[in-house]
Amino acid sequence: MFAVYATVVVVAALANVAAAWVDFRRNQWVLDNMTSYGVPHSWIVPLGLAKAVGAAGLLVGLAVPLVGVVAAAYLVCYFVGAVATVLRARCYSDVIYPSGFLLFAAAALGLGVTVV
């Protein structure tokens, strides 16, 4: 079971690191999406930091399982908010993106609870 948990955690962490990197680079398509969703551009770095911290917590959780569970729960909350933001903006075709991250975070949380 730990191998499955570790695989999900590593994939979720890598995905969040990639998403944070895109935020830190302030790619134009991210800024355009943020405008569409009604999110101020000044939030891009804090949102990227939130993803990076969540990814780091997931990886630390491989050694300290409770930290991983807390990080996964944090990321679930973050991406529930992201999905809600996209839905509030009525950008329904974009909801797939935060939903994928949400599913990985939820899987890490569910598996992490079994490891603790």
# chains A, B, ... in the order shown; residues from 1 in each chain; ligands from 1
>>> select_by_dssp(residues="region 26-104 of chain A", states="helix (DSSP H, G or I)", output="PyMOL selection string")
chain A and resi 28-37+41-60+65-88+92-94+96-104
>>> residues_around(residues="Thr114 (chain A)", least_positions_apart="4", cutoff="12 Å", atoms="only C-alpha atoms", output="ChimeraX atom specification")
/A:1-2,4-5,65-66,68-69,107-110
>>> write_last_selection(atoms="N, CA, C and O atoms", output="mmCIF file, in the first residue's frame")
data_model
loop_
_atom_site.group_PDB
_atom_site.id
_atom_site.type_symbol
_atom_site.label_atom_id
_atom_site.label_comp_id
_atom_site.auth_asym_id
_atom_site.auth_seq_id
_atom_site.Cartn_x
_atom_site.Cartn_y
_atom_site.Cartn_z
ATOM 1 N N MET A 1 0.822 -1.196 0.000
ATOM 2 C CA MET A 1 0.000 0.000 0.000
ATOM 3 C C MET A 1 0.864 1.258 0.000
ATOM 4 O O MET A 1 0.505 2.245 -0.613
ATOM 5 N N PHE A 2 2.008 1.203 0.697
ATOM 6 C CA PHE A 2 2.865 2.381 0.748
ATOM 7 C C PHE A 2 3.392 2.749 -0.632
ATOM 8 O O PHE A 2 3.537 3.932 -0.942
ATOM 9 N N VAL A 4 1.866 2.486 -3.509
ATOM 10 C CA VAL A 4 0.800 3.213 -4.210
ATOM 11 C C VAL A 4 0.711 4.640 -3.670
ATOM 12 O O VAL A 4 0.636 5.606 -4.442
ATOM 13 N N TYR A 5 0.744 4.763 -2.351
ATOM 14 C CA TYR A 5 0.707 6.077 -1.714
ATOM 15 C C TYR A 5 1.880 6.927 -2.189
ATOM 16 O O TYR A 5 1.705 8.083 -2.573
ATOM 17 N N PRO A 65 4.413 10.759 7.912
ATOM 18 C CA PRO A 65 3.072 10.633 7.309
ATOM 19 C C PRO A 65 2.044 11.669 7.738
ATOM 20 O O PRO A 65 1.235 12.106 6.919
ATOM 21 N N LEU A 66 2.074 12.098 8.976
ATOM 22 C CA LEU A 66 1.093 13.089 9.423
ATOM 23 C C LEU A 66 1.242 14.408 8.663
ATOM 24 O O LEU A 66 0.245 15.052 8.331
ATOM 25 N N GLY A 68 2.238 14.682 5.608
ATOM 26 C CA GLY A 68 1.661 14.424 4.290
ATOM 27 C C GLY A 68 0.146 14.501 4.294
ATOM 28 O O GLY A 68 -0.459 15.033 3.354
ATOM 29 N N VAL A 69 -0.468 14.002 5.337
ATOM 30 C CA VAL A 69 -1.932 14.061 5.442
ATOM 31 C C VAL A 69 -2.391 15.513 5.560
ATOM 32 O O VAL A 69 -3.347 15.933 4.901
ATOM 33 N N ALA A 107 -6.751 11.830 -3.569
ATOM 34 C CA ALA A 107 -6.176 10.482 -3.536
ATOM 35 C C ALA A 107 -5.026 10.412 -2.544
ATOM 36 O O ALA A 107 -4.915 9.450 -1.769
ATOM 37 N N ALA A 108 -4.176 11.441 -2.531
ATOM 38 C CA ALA A 108 -3.070 11.473 -1.568
ATOM 39 C C ALA A 108 -3.608 11.520 -0.144
ATOM 40 O O ALA A 108 -3.067 10.861 0.756
ATOM 41 N N LEU A 109 -4.672 12.273 0.069
ATOM 42 C CA LEU A 109 -5.274 12.360 1.395
ATOM 43 C C LEU A 109 -5.861 11.013 1.815
ATOM 44 O O LEU A 109 -5.600 10.521 2.917
ATOM 45 N N GLY A 110 -6.643 10.414 0.940
ATOM 46 C CA GLY A 110 -7.259 9.131 1.268
ATOM 47 C C GLY A 110 -6.239 8.042 1.543
ATOM 48 O O GLY A 110 -6.354 7.291 2.514
#
>>> residues_around(residues="region 6-19 of chain A", least_positions_apart="6", cutoff="6 Å", atoms="only C-alpha atoms", output="number ranges by chain")
A: 51-52, 55, 104, 108
>>> write_last_selection(atoms="N, CA, C and O atoms", output="mmCIF file, in the first residue's frame")
data_model
loop_
_atom_site.group_PDB
_atom_site.id
_atom_site.type_symbol
_atom_site.label_atom_id
_atom_site.label_comp_id
_atom_site.auth_asym_id
_atom_site.auth_seq_id
_atom_site.Cartn_x
_atom_site.Cartn_y
_atom_site.Cartn_z
ATOM 1 N N LYS A 51 0.846 26.360 -3.706
ATOM 2 C CA LYS A 51 1.033 25.079 -4.391
ATOM 3 C C LYS A 51 2.399 24.476 -4.076
ATOM 4 O O LYS A 51 2.520 23.271 -3.837
ATOM 5 N N ALA A 52 3.424 25.309 -4.059
ATOM 6 C CA ALA A 52 4.775 24.822 -3.773
ATOM 7 C C ALA A 52 4.879 24.282 -2.347
ATOM 8 O O ALA A 52 5.487 23.225 -2.117
ATOM 9 N N ALA A 55 3.135 20.953 -2.189
ATOM 10 C CA ALA A 55 3.964 19.908 -2.801
ATOM 11 C C ALA A 55 5.080 19.479 -1.861
ATOM 12 O O ALA A 55 5.344 18.282 -1.692
ATOM 13 N N PHE A 104 -5.985 14.341 -7.487
ATOM 14 C CA PHE A 104 -4.702 13.841 -6.985
ATOM 15 C C PHE A 104 -4.534 14.167 -5.504
ATOM 16 O O PHE A 104 -4.047 13.337 -4.730
ATOM 17 N N ALA A 108 -4.176 11.441 -2.531
ATOM 18 C CA ALA A 108 -3.070 11.473 -1.568
ATOM 19 C C ALA A 108 -3.608 11.520 -0.144
ATOM 20 O O ALA A 108 -3.067 10.861 0.756
#
>>> residues_around(residues="region 72-88 of chain A", least_positions_apart="4", cutoff="7 Å", atoms="only C-alpha atoms", output="list of chain:residue names")
A:Tyr37, A:Gly54, A:Leu58, A:Gly68, A:Tyr92, A:Asp94, A:Val95, A:Pro98, A:Ser99, A:Phe101, A:Leu102, A:Ala105, A:Ala106, A:Ala108, A:Leu109
>>> closest_residue(among="A:Val39, A:Ala71, A:Ala56, A:Ile44", to="Arg26 (chain A)", atoms="only C-alpha atoms")
A:Ile44
>>> atom_distance(atom1="CA of Ala50 (chain A)", atom2="CA of Val116 (chain A)")
23.5 Å
